[in-house]
Amino acid sequence: MKFTKMHGCGNDYVYVSGFTENIPDRPSLSIQVSDRHFGIGSDGLICIDPSSVADFRMDMYNADGSRSQMCGNGIRCVGKYVYDHGLTDKTVITVETGAGIKTLWLNVGDDNKVRTVRVCMGAPEFCPAKIPVAAEGEDFILRPYEIAGQTWELTAVSMGNPHVVTFVPDVASLDLETIGPQFENHPLFPERVNTEFIRVIDRRTLEMRVWERGSGETLACGTGACASLAAAVRAGLAEDSARLILLGGELQIEWSRDENLIYMTGPAETVFEGIY
């Protein structure tokens, strides 16, 4: 099986073309290739398939084999993969995901390789029933809950997958290996949850660490960055456009309020290619 290892801000996945490869048991394959000691090493597996409703289809699996609807860093790399591998010559493409069809704008360098990608990530969803969160009300904004032995103010957002955002004075000192699983598997989140811990530097700059369901702490999370900006705006802590500083790099996130759509711009990088 031919594969390409790619990353967006350090959020790395193994990419396989469904146009040329037969991949019968994708959940098991994701577990195998994601292992950083005995496999290729990644946060999961992303298969790029034909689509009847878009230019391409992204089929994504976490490192534990569970399926994921959407990944912002992952989809940017899909855009780079299909252009760099000659599957398209268009610089505006559509990609079918578990969270709907996304539009990508590919920024191509002088070497005719994609450098950065802008993605329309869709509208943020704040209704608990649609995220889902086991709570009543029209939204879930800055609600205090006790998790991992302390009280956190939680804001829940869906960007096609469930996120909970909490604002903290410092992210570097957090013991995410202990805290993260308790958020991910809390009964409040019936489908588990991705958790973003955010330090507000100023109204246009946010620092973020993330615990992703099924993968643990990752160096970046595109949907999480979008959810974090939306949560910060709703909490009155940020402007509609801000720079998100993640462990693996930076993303520019913009919430177009007229359209009620969030746009993400960031890098996409190829690490290496091989045969597994």
# chains A, B, ... in the order shown; residues from 1 in each chain; ligands from 1
call {"tool": "residues_around", "arguments": {"residues": "stretch 12-27 of chain A", "least_positions_apart": "3", "cutoff": "7 Å", "atoms": "only C-alpha atoms", "output": "ChimeraX atom specification"}}
result
/A:1-8,30-31,42-50,61,65-66
call {"tool": "residues_around", "arguments": {"residues": "stretch 205-219 of chain A", "least_positions_apart": "4", "cutoff": "6 Å", "atoms": "only C-alpha atoms", "output": "list in words"}}
result
Gly10, Asn11, Asp43, Asn62, Ala63, Asp64, Gly180, Glu184, Val193, Asn194, Thr195, Glu196, Phe197, Ile198, Arg199, Val200, Ile201, Ala242, Arg243, Leu244, Ile245, Leu246, Leu247 and Gly248 of chain A
call {"tool": "write_last_selection", "arguments": {"atoms": "N, CA, C and O atoms", "output": "mmCIF file, in the first residue's frame"}}
result
data_model
loop_
_atom_site.group_PDB
_atom_site.id
_atom_site.type_symbol
_atom_site.label_atom_id
_atom_site.label_comp_id
_atom_site.auth_asym_id
_atom_site.auth_seq_id
_atom_site.Cartn_x
_atom_site.Cartn_y
_atom_site.Cartn_z
ATOM 1 N N GLY A 10 1.703 20.144 12.712
ATOM 2 C CA GLY A 10 2.093 19.020 13.556
ATOM 3 C C GLY A 10 1.011 17.993 13.801
ATOM 4 O O GLY A 10 1.282 16.931 14.366
ATOM 5 N N ASN A 11 -0.216 18.272 13.387
ATOM 6 C CA ASN A 11 -1.323 17.315 13.474
ATOM 7 C C ASN A 11 -1.170 16.381 12.270
ATOM 8 O O ASN A 11 -1.533 16.739 11.150
ATOM 9 N N ASP A 43 -1.554 10.644 13.966
ATOM 10 C CA ASP A 43 -2.774 10.845 14.752
ATOM 11 C C ASP A 43 -3.960 10.108 14.148
ATOM 12 O O ASP A 43 -5.068 10.158 14.689
ATOM 13 N N ASN A 62 -9.444 8.003 13.584
ATOM 14 C CA ASN A 62 -8.519 8.383 14.644
ATOM 15 C C ASN A 62 -7.522 7.262 14.910
ATOM 16 O O ASN A 62 -7.649 6.149 14.394
ATOM 17 N N ALA A 63 -6.557 7.558 15.785
ATOM 18 C CA ALA A 63 -5.504 6.583 16.080
ATOM 19 C C ALA A 63 -6.042 5.325 16.756
ATOM 20 O O ALA A 63 -5.419 4.260 16.682
ATOM 21 N N ASP A 64 -7.211 5.427 17.414
ATOM 22 C CA ASP A 64 -7.798 4.245 18.062
ATOM 23 C C ASP A 64 -8.767 3.502 17.147
ATOM 24 O O ASP A 64 -9.447 2.579 17.577
ATOM 25 N N GLY A 180 -7.323 15.191 30.279
ATOM 26 C CA GLY A 180 -7.954 14.987 28.986
ATOM 27 C C GLY A 180 -8.936 13.830 28.925
ATOM 28 O O GLY A 180 -10.078 13.992 28.485
ATOM 29 N N GLU A 184 -12.904 13.827 27.880
ATOM 30 C CA GLU A 184 -13.325 13.058 26.698
ATOM 31 C C GLU A 184 -14.445 12.083 27.017
ATOM 32 O O GLU A 184 -15.390 11.925 26.227
ATOM 33 N N VAL A 193 -15.801 13.811 23.387
ATOM 34 C CA VAL A 193 -15.646 15.210 23.005
ATOM 35 C C VAL A 193 -14.171 15.548 22.829
ATOM 36 O O VAL A 193 -13.295 14.946 23.443
ATOM 37 N N ASN A 194 -13.906 16.503 21.951
ATOM 38 C CA ASN A 194 -12.597 17.125 21.820
ATOM 39 C C ASN A 194 -12.559 18.315 22.770
ATOM 40 O O ASN A 194 -13.522 19.095 22.825
ATOM 41 N N THR A 195 -11.465 18.481 23.498
ATOM 42 C CA THR A 195 -11.410 19.525 24.520
ATOM 43 C C THR A 195 -10.289 20.506 24.218
ATOM 44 O O THR A 195 -9.130 20.099 24.031
ATOM 45 N N GLU A 196 -10.637 21.803 24.178
ATOM 46 C CA GLU A 196 -9.661 22.859 23.938
ATOM 47 C C GLU A 196 -9.469 23.686 25.202
ATOM 48 O O GLU A 196 -10.447 24.176 25.782
ATOM 49 N N PHE A 197 -8.225 23.853 25.595
ATOM 50 C CA PHE A 197 -7.849 24.685 26.742
ATOM 51 C C PHE A 197 -7.212 25.955 26.177
ATOM 52 O O PHE A 197 -6.184 25.879 25.490
ATOM 53 N N ILE A 198 -7.823 27.096 26.460
ATOM 54 C CA ILE A 198 -7.470 28.341 25.774
ATOM 55 C C ILE A 198 -6.995 29.403 26.751
ATOM 56 O O ILE A 198 -7.665 29.686 27.755
ATOM 57 N N ARG A 199 -5.852 30.002 26.437
ATOM 58 C CA ARG A 199 -5.397 31.204 27.135
ATOM 59 C C ARG A 199 -5.589 32.387 26.196
ATOM 60 O O ARG A 199 -5.060 32.389 25.071
ATOM 61 N N VAL A 200 -6.326 33.384 26.649
ATOM 62 C CA VAL A 200 -6.551 34.583 25.849
ATOM 63 C C VAL A 200 -5.383 35.537 26.078
ATOM 64 O O VAL A 200 -5.234 36.107 27.166
ATOM 65 N N ILE A 201 -4.546 35.702 25.062
ATOM 66 C CA ILE A 201 -3.416 36.633 25.143
ATOM 67 C C ILE A 201 -3.911 38.054 24.924
ATOM 68 O O ILE A 201 -3.590 38.971 25.686
ATOM 69 N N ALA A 242 -8.915 36.017 14.563
ATOM 70 C CA ALA A 242 -7.826 35.913 15.530
ATOM 71 C C ALA A 242 -6.800 34.887 15.073
ATOM 72 O O ALA A 242 -7.079 34.003 14.267
ATOM 73 N N ARG A 243 -5.602 35.044 15.637
ATOM 74 C CA ARG A 243 -4.507 34.096 15.419
ATOM 75 C C ARG A 243 -4.532 33.073 16.539
ATOM 76 O O ARG A 243 -4.539 33.430 17.717
ATOM 77 N N LEU A 244 -4.548 31.797 16.178
ATOM 78 C CA LEU A 244 -4.533 30.707 17.150
ATOM 79 C C LEU A 244 -3.127 30.111 17.194
ATOM 80 O O LEU A 244 -2.628 29.610 16.190
ATOM 81 N N ILE A 245 -2.501 30.177 18.354
ATOM 82 C CA ILE A 245 -1.164 29.626 18.543
ATOM 83 C C ILE A 245 -1.308 28.231 19.137
ATOM 84 O O ILE A 245 -1.791 28.065 20.262
ATOM 85 N N LEU A 246 -0.889 27.207 18.390
ATOM 86 C CA LEU A 246 -0.985 25.828 18.825
ATOM 87 C C LEU A 246 0.421 25.284 19.047
ATOM 88 O O LEU A 246 1.410 25.915 18.654
ATOM 89 N N LEU A 247 0.533 24.126 19.642
ATOM 90 C CA LEU A 247 1.850 23.555 19.893
ATOM 91 C C LEU A 247 2.633 23.354 18.600
ATOM 92 O O LEU A 247 3.858 23.474 18.579
ATOM 93 N N GLY A 248 1.938 23.055 17.506
ATOM 94 C CA GLY A 248 2.617 22.735 16.254
ATOM 95 C C GLY A 248 2.687 23.865 15.250
ATOM 96 O O GLY A 248 3.236 23.685 14.163
#
call {"tool": "closest_residue", "arguments": {"among": "A:Gly74, A:Gly98, A:Gly86, A:Gly224", "to": "A:Ser158", "atoms": "only C-alpha atoms"}}
result
A:Gly224
call {"tool": "atom_distance", "arguments": {"atom1": "atom CA of A:Ser34", "atom2": "atom CA of A:Cys71"}}
result
15.9 Å
call {"tool": "closest_residue", "arguments": {"among": "A:Pro267, A:Ala129, A:Leu142, A:Met121", "to": "A:Val108", "atoms": "only C-alpha atoms"}}
result
A:Pro267
call {"tool": "closest_residue", "arguments": {"among": "A:Cys77, A:Val164, A:Val171, A:Leu104", "to": "A:Met264", "atoms": "only C-alpha atoms"}}
result
A:Leu104
call {"tool": "select_by_dssp", "arguments": {"residues": "stretch 91-194 of chain A", "states": "helix (DSSP H, G or I)", "output": "ChimeraX atom specification"}}
result
/A:128-130,176-184
call {"tool": "closest_residue", "arguments": {"among": "A:Cys221, A:Ala123, A:Leu87, A:Met159", "to": "A:Trp255", "atoms": "only C-alpha atoms"}}
result
A:Ala123
call {"tool": "closest_residue", "arguments": {"among": "A:Ser52, A:Thr103, A:Ser173, A:Thr178", "to": "A:Arg76", "atoms": "only C-alpha atoms"}}
result
A:Thr103
call {"tool": "select_by_dssp", "arguments": {"residues": "stretch 104-231 of chain A", "states": "strand (DSSP E or B)", "output": "PyMOL selection string"}}
result
chain A and resi 104-108+114-122+125+143-147+150-158+162-167+194-202+205-212+216-218
call {"tool": "closest_residue", "arguments": {"among": "A:Val95, A:Lys80, A:Leu29, A:Ala231", "to": "A:Phe56", "atoms": "only C-alpha atoms"}}
result
A:Val95
call {"tool": "atom_distance", "arguments": {"atom1": "atom CA of A:Cys9", "atom2": "atom CA of A:Ile179"}}
result
22.9 Å
call {"tool": "residues_around", "arguments": {"residues": "stretch 232-239 of chain A", "least_positions_apart": "3", "cutoff": "7 Å", "atoms": "only C-alpha atoms", "output": "list in words"}}
result
Arg203, Arg204, Ser228, Leu229 and Ala242 of chain A
call {"tool": "write_last_selection", "arguments": {"atoms": "N, CA and C atoms", "output": "tab-separated table (two decimals), in the first residue's frame"}}
result
chain	number	residue	atom	x	y	z
A	203	ARG	N	-7.34	40.14	22.32
A	203	ARG	CA	-8.58	39.86	21.61
A	203	ARG	C	-8.36	39.32	20.20
A	204	ARG	N	-7.14	39.33	19.72
A	204	ARG	CA	-6.83	38.79	18.39
A	204	ARG	C	-5.79	37.67	18.44
A	228	SER	N	-12.82	27.15	19.15
A	228	SER	CA	-12.28	28.01	20.20
A	228	SER	C	-12.52	29.48	19.89
A	229	LEU	N	-12.31	29.86	18.63
A	229	LEU	CA	-12.60	31.26	18.27
A	229	LEU	C	-14.07	31.56	18.47
A	242	ALA	N	-8.91	36.02	14.56
A	242	ALA	CA	-7.83	35.91	15.53
A	242	ALA	C	-6.80	34.89	15.07
call {"tool": "residues_around", "arguments": {"residues": "A:Thr94", "least_positions_apart": "3", "cutoff": "12 Å", "atoms": "only C-alpha atoms", "output": "ChimeraX atom specification"}}
result
/A:50-58,75-76,78-79,82,88,90-91,97,100-106,118-121
call {"tool": "decode", "arguments": {"residues": "stretch 149-165 of chain A", "atoms": "N, CA, C and O atoms", "output": "PDB file, in the first residue's frame"}}
result
ATOM      1  N   GLY A 149     -11.756  16.853  39.354  1.00  0.00           N
ATOM      2  CA  GLY A 149     -11.533  17.399  40.681  1.00  0.00           C
ATOM      3  C   GLY A 149     -11.512  18.902  40.790  1.00  0.00           C
ATOM      4  O   GLY A 149     -11.168  19.443  41.847  1.00  0.00           O
ATOM      5  N   GLN A 150     -11.887  19.613  39.721  1.00  0.00           N
ATOM      6  CA  GLN A 150     -11.969  21.066  39.814  1.00  0.00           C
ATOM      7  C   GLN A 150     -13.092  21.585  38.929  1.00  0.00           C
ATOM      8  O   GLN A 150     -13.603  20.872  38.056  1.00  0.00           O
ATOM      9  N   THR A 151     -13.477  22.826  39.160  1.00  0.00           N
ATOM     10  CA  THR A 151     -14.577  23.429  38.423  1.00  0.00           C
ATOM     11  C   THR A 151     -14.037  24.205  37.234  1.00  0.00           C
ATOM     12  O   THR A 151     -13.119  25.016  37.366  1.00  0.00           O
ATOM     13  N   TRP A 152     -14.650  23.930  36.069  1.00  0.00           N
ATOM     14  CA  TRP A 152     -14.272  24.594  34.828  1.00  0.00           C
ATOM     15  C   TRP A 152     -15.502  25.284  34.258  1.00  0.00           C
ATOM     16  O   TRP A 152     -16.615  24.777  34.378  1.00  0.00           O
ATOM     17  N   GLU A 153     -15.321  26.414  33.595  1.00  0.00           N
ATOM     18  CA  GLU A 153     -16.408  27.033  32.831  1.00  0.00           C
ATOM     19  C   GLU A 153     -16.315  26.509  31.401  1.00  0.00           C
ATOM     20  O   GLU A 153     -15.309  26.722  30.712  1.00  0.00           O
ATOM     21  N   LEU A 154     -17.373  25.831  30.963  1.00  0.00           N
ATOM     22  CA  LEU A 154     -17.352  25.117  29.692  1.00  0.00           C
ATOM     23  C   LEU A 154     -18.255  25.774  28.668  1.00  0.00           C
ATOM     24  O   LEU A 154     -19.379  26.170  28.968  1.00  0.00           O
ATOM     25  N   THR A 155     -17.748  25.854  27.440  1.00  0.00           N
ATOM     26  CA  THR A 155     -18.541  26.297  26.298  1.00  0.00           C
ATOM     27  C   THR A 155     -18.477  25.214  25.239  1.00  0.00           C
ATOM     28  O   THR A 155     -17.385  24.815  24.805  1.00  0.00           O
ATOM     29  N   ALA A 156     -19.628  24.701  24.839  1.00  0.00           N
ATOM     30  CA  ALA A 156     -19.688  23.597  23.878  1.00  0.00           C
ATOM     31  C   ALA A 156     -20.043  24.124  22.491  1.00  0.00           C
ATOM     32  O   ALA A 156     -20.923  24.983  22.335  1.00  0.00           O
ATOM     33  N   VAL A 157     -19.338  23.612  21.485  1.00  0.00           N
ATOM     34  CA  VAL A 157     -19.517  24.032  20.094  1.00  0.00           C
ATOM     35  C   VAL A 157     -19.335  22.809  19.203  1.00  0.00           C
ATOM     36  O   VAL A 157     -18.454  21.979  19.463  1.00  0.00           O
ATOM     37  N   SER A 158     -20.125  22.712  18.158  1.00  0.00           N
ATOM     38  CA  SER A 158     -19.866  21.712  17.127  1.00  0.00           C
ATOM     39  C   SER A 158     -19.376  22.412  15.862  1.00  0.00           C
ATOM     40  O   SER A 158     -19.949  23.415  15.433  1.00  0.00           O
ATOM     41  N   MET A 159     -18.303  21.868  15.288  1.00  0.00           N
ATOM     42  CA  MET A 159     -17.852  22.277  13.956  1.00  0.00           C
ATOM     43  C   MET A 159     -17.957  21.064  13.030  1.00  0.00           C
ATOM     44  O   MET A 159     -17.077  20.791  12.223  1.00  0.00           O
ATOM     45  N   GLY A 160     -19.061  20.339  13.190  1.00  0.00           N
ATOM     46  CA  GLY A 160     -19.230  19.071  12.493  1.00  0.00           C
ATOM     47  C   GLY A 160     -18.788  17.907  13.363  1.00  0.00           C
ATOM     48  O   GLY A 160     -19.080  16.754  13.076  1.00  0.00           O
ATOM     49  N   ASN A 161     -18.067  18.200  14.435  1.00  0.00           N
ATOM     50  CA  ASN A 161     -17.695  17.246  15.469  1.00  0.00           C
ATOM     51  C   ASN A 161     -17.740  17.981  16.808  1.00  0.00           C
ATOM     52  O   ASN A 161     -17.665  19.208  16.867  1.00  0.00           O
ATOM     53  N   PRO A 162     -17.926  17.266  17.909  1.00  0.00           N
ATOM     54  CA  PRO A 162     -18.181  17.922  19.199  1.00  0.00           C
ATOM     55  C   PRO A 162     -16.922  18.461  19.870  1.00  0.00           C
ATOM     56  O   PRO A 162     -15.901  17.774  19.948  1.00  0.00           O
ATOM     57  N   HIS A 163     -17.013  19.702  20.363  1.00  0.00           N
ATOM     58  CA  HIS A 163     -15.918  20.340  21.078  1.00  0.00           C
ATOM     59  C   HIS A 163     -16.442  20.974  22.348  1.00  0.00           C
ATOM     60  O   HIS A 163     -17.571  21.469  22.395  1.00  0.00           O
ATOM     61  N   VAL A 164     -15.586  20.982  23.369  1.00  0.00           N
ATOM     62  CA  VAL A 164     -15.861  21.785  24.549  1.00  0.00           C
ATOM     63  C   VAL A 164     -14.617  22.629  24.811  1.00  0.00           C
ATOM     64  O   VAL A 164     -13.484  22.148  24.744  1.00  0.00           O
ATOM     65  N   VAL A 165     -14.841  23.920  25.046  1.00  0.00           N
ATOM     66  CA  VAL A 165     -13.765  24.895  25.197  1.00  0.00           C
ATOM     67  C   VAL A 165     -13.799  25.441  26.613  1.00  0.00           C
ATOM     68  O   VAL A 165     -14.872  25.764  27.139  1.00  0.00           O
TER      69      VAL A 165
END
